[in-house]
Each structure stands twice: as C-alpha cells, then as structure tokens.
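In what follows, a structure is listed as structure tokens, so that the remarks can point back to it.
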Amino acid sequence: MAKRSRVQTELTINQIMDEALKQILTIGFETMSYTTLSEATGISRTGISHHFPRKTDFLVRLDGRIGNLFVEALDFSSQETLETSWMQAMQEEHYRAVLRLFFSLCGGANNEITLFRAVSNARQQAIAELGLVGDSTINHLLGRSAVMLLSNFDVEKAA
C-alpha cells in the first residue's frame, strides 16, 4: 500500500475533527464513539483511533475551537448584554452542549483535560471588558446554567 502524503493525512484528521465537533455538539461527548465517527466519515474505526488513540484526544484537539465558538455568542459590552447574550445562547442546543461538557469535565478525574477554554475564555474576556463585575457575572451565569441544565428547565422562559 502506498504511503499517504502529509496533506492527505491532515485532510483525514480535519475530517475526523470536524465530525467529532459536530457530534460533541449534537449527540454529546459521552455518546460520540469511534463507531459513530466511522459511520459518519467513512473512515475505519482503526483509522480514527490511529490519529486519536484515546477519546479524550478529541477534546484536547478541539478545545480551542469549542472555546471560540462559545465566546463568539457572547456580548461583553456591559453586564446586562453579557447576561442577555448568555441566556440567548442557552436557547441553542449546541451552546448547552458546550456547558454540559464543561460541567461533566469538572466532575471528572481526567488529568489530561486541565483547561476547558469555553468557560476560561469567557471569564478572561469578561474580566478584561468589565473587571470584577465581569468575573462575578460569569460565576453567576455558570451557576444559573448548571441549575437550568440539571433541572431541564425551559431556557426560553428563563431568558
């Protein structure tokens, strides 16, 4: 069998990562598997595991993309707009999936996932734009979101 070029390998890795991100945001990290990725991409489970030997490798590689996706939905121009934009984001399933992932990682013992940028980036930007009020607002919104997610609260009524 001919050796694959570096470009072909990178295209394969990007295809896998794009599908992993899609599945993390739709069916959730816990449900995503090498089988679901293989079925969606047409790449064998062995081929996927060659590039991503552990399932957590997906989170490590996708952390920045997930973090940017989350922060892009937020408006940091004032405390009120931050709260409003956060609650509007919570109406969309993929943003709720990001927070569910964050909370599940908080309770896990996986040392490989030491930083989840979605919340860290939001906190850093809130502090940069709003100071201590921004930090306090993020803390409040995280707590509020946790309660909403745990209770399957109707996020549209909460907005």
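Ordering of the structure tokens sets the chain letters (A, B, ...), residue numbers begin anew at 1 in every chain, and ligands are numbered from 1 in the order given.
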
I want to know what sits within 7 Å of region 45-51 of chain A, based on only C-alpha atoms, with residues of the same chain fewer than 3 positions away left out; could you give that as an NGL selection string?
:A and (13 or 34-35 or 38)

For those residues, write N, CA, C and O atoms to a file as a PDB file, in the first residue's frame.
ATOM      1  N   ILE A  13      -7.437  13.926   9.206  1.00  0.00           N
ATOM      2  CA  ILE A  13      -7.530  14.375  10.600  1.00  0.00           C
ATOM      3  C   ILE A  13      -8.574  15.488  10.722  1.00  0.00           C
ATOM      4  O   ILE A  13      -9.406  15.472  11.642  1.00  0.00           O
ATOM      5  N   TYR A  34     -16.076   5.923  18.440  1.00  0.00           N
ATOM      6  CA  TYR A  34     -15.335   5.633  17.218  1.00  0.00           C
ATOM      7  C   TYR A  34     -16.273   5.067  16.163  1.00  0.00           C
ATOM      8  O   TYR A  34     -16.099   5.319  14.976  1.00  0.00           O
ATOM      9  N   THR A  35     -17.284   4.343  16.583  1.00  0.00           N
ATOM     10  CA  THR A  35     -18.255   3.780  15.650  1.00  0.00           C
ATOM     11  C   THR A  35     -19.087   4.887  15.010  1.00  0.00           C
ATOM     12  O   THR A  35     -19.265   4.901  13.785  1.00  0.00           O
ATOM     13  N   SER A  38     -16.909   6.735  12.623  1.00  0.00           N
ATOM     14  CA  SER A  38     -16.619   5.927  11.446  1.00  0.00           C
ATOM     15  C   SER A  38     -17.801   5.909  10.482  1.00  0.00           C
ATOM     16  O   SER A  38     -17.633   6.068   9.273  1.00  0.00           O
TER      17      SER A  38
END

If you take only C-alpha atoms and a cut-off of 12 Å, which residues of region 47-74 of chain A touch region 123-139 of chain A, and what are their nearest atom pairs and distances in Å to one decimal, in chain and number order, as JSON lines?
{"residue": "A:Gly67", "atom": "CA", "partner": "A:Arg123", "partner_atom": "CA", "distance": 11.1}
{"residue": "A:Asn68", "atom": "CA", "partner": "A:Gln125", "partner_atom": "CA", "distance": 11.4}
{"residue": "A:Phe70", "atom": "CA", "partner": "A:Arg123", "partner_atom": "CA", "distance": 11.5}
{"residue": "A:Val71", "atom": "CA", "partner": "A:Gln125", "partner_atom": "CA", "distance": 8.5}
{"residue": "A:Glu72", "atom": "CA", "partner": "A:Gln125", "partner_atom": "CA", "distance": 10.8}
{"residue": "A:Leu74", "atom": "CA", "partner": "A:Ala126", "partner_atom": "CA", "distance": 9.6}

For Ile43 (chain A), list every protein, DNA or RNA residue within 9 Å, evaluated using only C-alpha atoms, and leave out those in the same chain fewer than 6 positions away; present the list as a list in words.
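So, after excluding close chain neighbours, the residues are Thr12, Ile16 and Leu37 of chain A.
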
Hey, what's within 10 Å of region 86-95 of chain A if we count only C-alpha atoms and toss same-chain stuff fewer than 3 positions away? As a ChimeraX atom specification, please?
/A:22-28,66,69-76,80-83,98-101,118,138,141-142,144-145,148-149,154-159

Considering only C-alpha atoms, state which residue in the set A:Arg117, A:Leu150, A:Asn14, A:Ser33 is at the smallest distance from Asp63 (chain A).
A:Arg117

Alpha helix (DSSP H) residues, from DSSP on the backbone, in region 11-47 of chain A, as a ChimeraX atom specification:
/A:11-26,34-41,45-47

Using only N, CA, C and O atoms, please write the residues we just selected to a file, as a JSON list (two decimals), in the first residue's frame.
[["chain", "number", "residue", "atom", "x", "y", "z"],
["A", 11, "LEU", "N", -5.88, 16.19, 5.86],
["A", 11, "LEU", "CA", -7.29, 16.24, 5.43],
["A", 11, "LEU", "C", -8.12, 15.22, 6.19],
["A", 11, "LEU", "O", -9.25, 15.50, 6.62],
["A", 12, "THR", "N", -7.57, 14.02, 6.37],
["A", 12, "THR", "CA", -8.27, 12.98, 7.13],
["A", 12, "THR", "C", -8.48, 13.41, 8.58],
["A", 12, "THR", "O", -9.58, 13.28, 9.13],
["A", 13, "ILE", "N", -7.44, 13.93, 9.21],
["A", 13, "ILE", "CA", -7.53, 14.38, 10.60],
["A", 13, "ILE", "C", -8.57, 15.49, 10.72],
["A", 13, "ILE", "O", -9.41, 15.47, 11.64],
["A", 14, "ASN", "N", -8.55, 16.44, 9.80],
["A", 14, "ASN", "CA", -9.53, 17.53, 9.84],
["A", 14, "ASN", "C", -10.95, 17.03, 9.63],
["A", 14, "ASN", "O", -11.89, 17.52, 10.27],
["A", 15, "GLN", "N", -11.13, 16.04, 8.75],
["A", 15, "GLN", "CA", -12.45, 15.46, 8.54],
["A", 15, "GLN", "C", -12.95, 14.80, 9.83],
["A", 15, "GLN", "O", -14.11, 14.96, 10.22],
["A", 16, "ILE", "N", -12.07, 14.08, 10.48],
["A", 16, "ILE", "CA", -12.44, 13.42, 11.75],
["A", 16, "ILE", "C", -12.76, 14.47, 12.81],
["A", 16, "ILE", "O", -13.77, 14.36, 13.52],
["A", 17, "MET", "N", -11.94, 15.50, 12.93],
["A", 17, "MET", "CA", -12.16, 16.53, 13.94],
["A", 17, "MET", "C", -13.45, 17.31, 13.67],
["A", 17, "MET", "O", -14.19, 17.61, 14.62],
["A", 18, "ASP", "N", -13.73, 17.61, 12.41],
["A", 18, "ASP", "CA", -14.97, 18.32, 12.09],
["A", 18, "ASP", "C", -16.19, 17.50, 12.50],
["A", 18, "ASP", "O", -17.14, 18.01, 13.08],
["A", 19, "GLU", "N", -16.15, 16.21, 12.23],
["A", 19, "GLU", "CA", -17.27, 15.34, 12.59],
["A", 19, "GLU", "C", -17.34, 15.16, 14.10],
["A", 19, "GLU", "O", -18.43, 15.14, 14.68],
["A", 20, "ALA", "N", -16.19, 15.05, 14.75],
["A", 20, "ALA", "CA", -16.19, 14.92, 16.22],
["A", 20, "ALA", "C", -16.81, 16.16, 16.86],
["A", 20, "ALA", "O", -17.64, 16.04, 17.77],
["A", 21, "LEU", "N", -16.46, 17.34, 16.37],
["A", 21, "LEU", "CA", -17.04, 18.58, 16.90],
["A", 21, "LEU", "C", -18.55, 18.57, 16.69],
["A", 21, "LEU", "O", -19.32, 18.87, 17.61],
["A", 22, "LYS", "N", -18.97, 18.20, 15.51],
["A", 22, "LYS", "CA", -20.40, 18.15, 15.20],
["A", 22, "LYS", "C", -21.12, 17.21, 16.17],
["A", 22, "LYS", "O", -22.16, 17.54, 16.73],
["A", 23, "GLN", "N", -20.55, 16.04, 16.39],
["A", 23, "GLN", "CA", -21.19, 15.06, 17.27],
["A", 23, "GLN", "C", -21.15, 15.49, 18.73],
["A", 23, "GLN", "O", -22.11, 15.28, 19.47],
["A", 24, "ILE", "N", -20.07, 16.10, 19.17],
["A", 24, "ILE", "CA", -19.99, 16.58, 20.55],
["A", 24, "ILE", "C", -21.10, 17.60, 20.80],
["A", 24, "ILE", "O", -21.72, 17.59, 21.86],
["A", 25, "LEU", "N", -21.36, 18.44, 19.81],
["A", 25, "LEU", "CA", -22.36, 19.49, 19.97],
["A", 25, "LEU", "C", -23.79, 19.01, 19.72],
["A", 25, "LEU", "O", -24.74, 19.71, 20.08],
["A", 26, "THR", "N", -23.96, 17.85, 19.11],
["A", 26, "THR", "CA", -25.32, 17.38, 18.84],
["A", 26, "THR", "C", -25.70, 16.19, 19.71],
["A", 26, "THR", "O", -26.72, 16.24, 20.40],
["A", 34, "TYR", "N", -16.08, 5.92, 18.44],
["A", 34, "TYR", "CA", -15.33, 5.63, 17.22],
["A", 34, "TYR", "C", -16.27, 5.07, 16.16],
["A", 34, "TYR", "O", -16.10, 5.32, 14.98],
["A", 35, "THR", "N", -17.28, 4.34, 16.58],
["A", 35, "THR", "CA", -18.26, 3.78, 15.65],
["A", 35, "THR", "C", -19.09, 4.89, 15.01],
["A", 35, "THR", "O", -19.27, 4.90, 13.79],
["A", 36, "THR", "N", -19.62, 5.83, 15.82],
["A", 36, "THR", "CA", -20.43, 6.90, 15.23],
["A", 36, "THR", "C", -19.60, 7.77, 14.31],
["A", 36, "THR", "O", -20.08, 8.22, 13.26],
["A", 37, "LEU", "N", -18.34, 7.99, 14.67],
["A", 37, "LEU", "CA", -17.45, 8.78, 13.81],
["A", 37, "LEU", "C", -17.15, 8.03, 12.51],
["A", 37, "LEU", "O", -17.14, 8.63, 11.44],
["A", 38, "SER", "N", -16.91, 6.74, 12.62],
["A", 38, "SER", "CA", -16.62, 5.93, 11.45],
["A", 38, "SER", "C", -17.80, 5.91, 10.48],
["A", 38, "SER", "O", -17.63, 6.07, 9.27],
["A", 39, "GLU", "N", -18.99, 5.73, 11.05],
["A", 39, "GLU", "CA", -20.19, 5.70, 10.20],
["A", 39, "GLU", "C", -20.41, 7.02, 9.49],
["A", 39, "GLU", "O", -20.83, 7.06, 8.35],
["A", 40, "ALA", "N", -20.13, 8.13, 10.16],
["A", 40, "ALA", "CA", -20.36, 9.45, 9.57],
["A", 40, "ALA", "C", -19.29, 9.86, 8.57],
["A", 40, "ALA", "O", -19.59, 10.56, 7.60],
["A", 41, "THR", "N", -18.05, 9.42, 8.78],
["A", 41, "THR", "CA", -16.95, 9.86, 7.91],
["A", 41, "THR", "C", -16.57, 8.85, 6.84],
["A", 41, "THR", "O", -15.92, 9.21, 5.87],
["A", 45, "ARG", "N", -12.78, 2.59, 12.04],
["A", 45, "ARG", "CA", -12.52, 2.85, 13.46],
["A", 45, "ARG", "C", -11.02, 2.78, 13.75],
["A", 45, "ARG", "O", -10.49, 3.57, 14.52],
["A", 46, "THR", "N", -10.34, 1.84, 13.12],
["A", 46, "THR", "CA", -8.89, 1.71, 13.30],
["A", 46, "THR", "C", -8.18, 2.95, 12.78],
["A", 46, "THR", "O", -7.24, 3.44, 13.42],
["A", 47, "GLY", "N", -8.63, 3.46, 11.64],
["A", 47, "GLY", "CA", -8.03, 4.67, 11.08],
["A", 47, "GLY", "C", -8.21, 5.86, 12.00],
["A", 47, "GLY", "O", -7.30, 6.68, 12.18]]
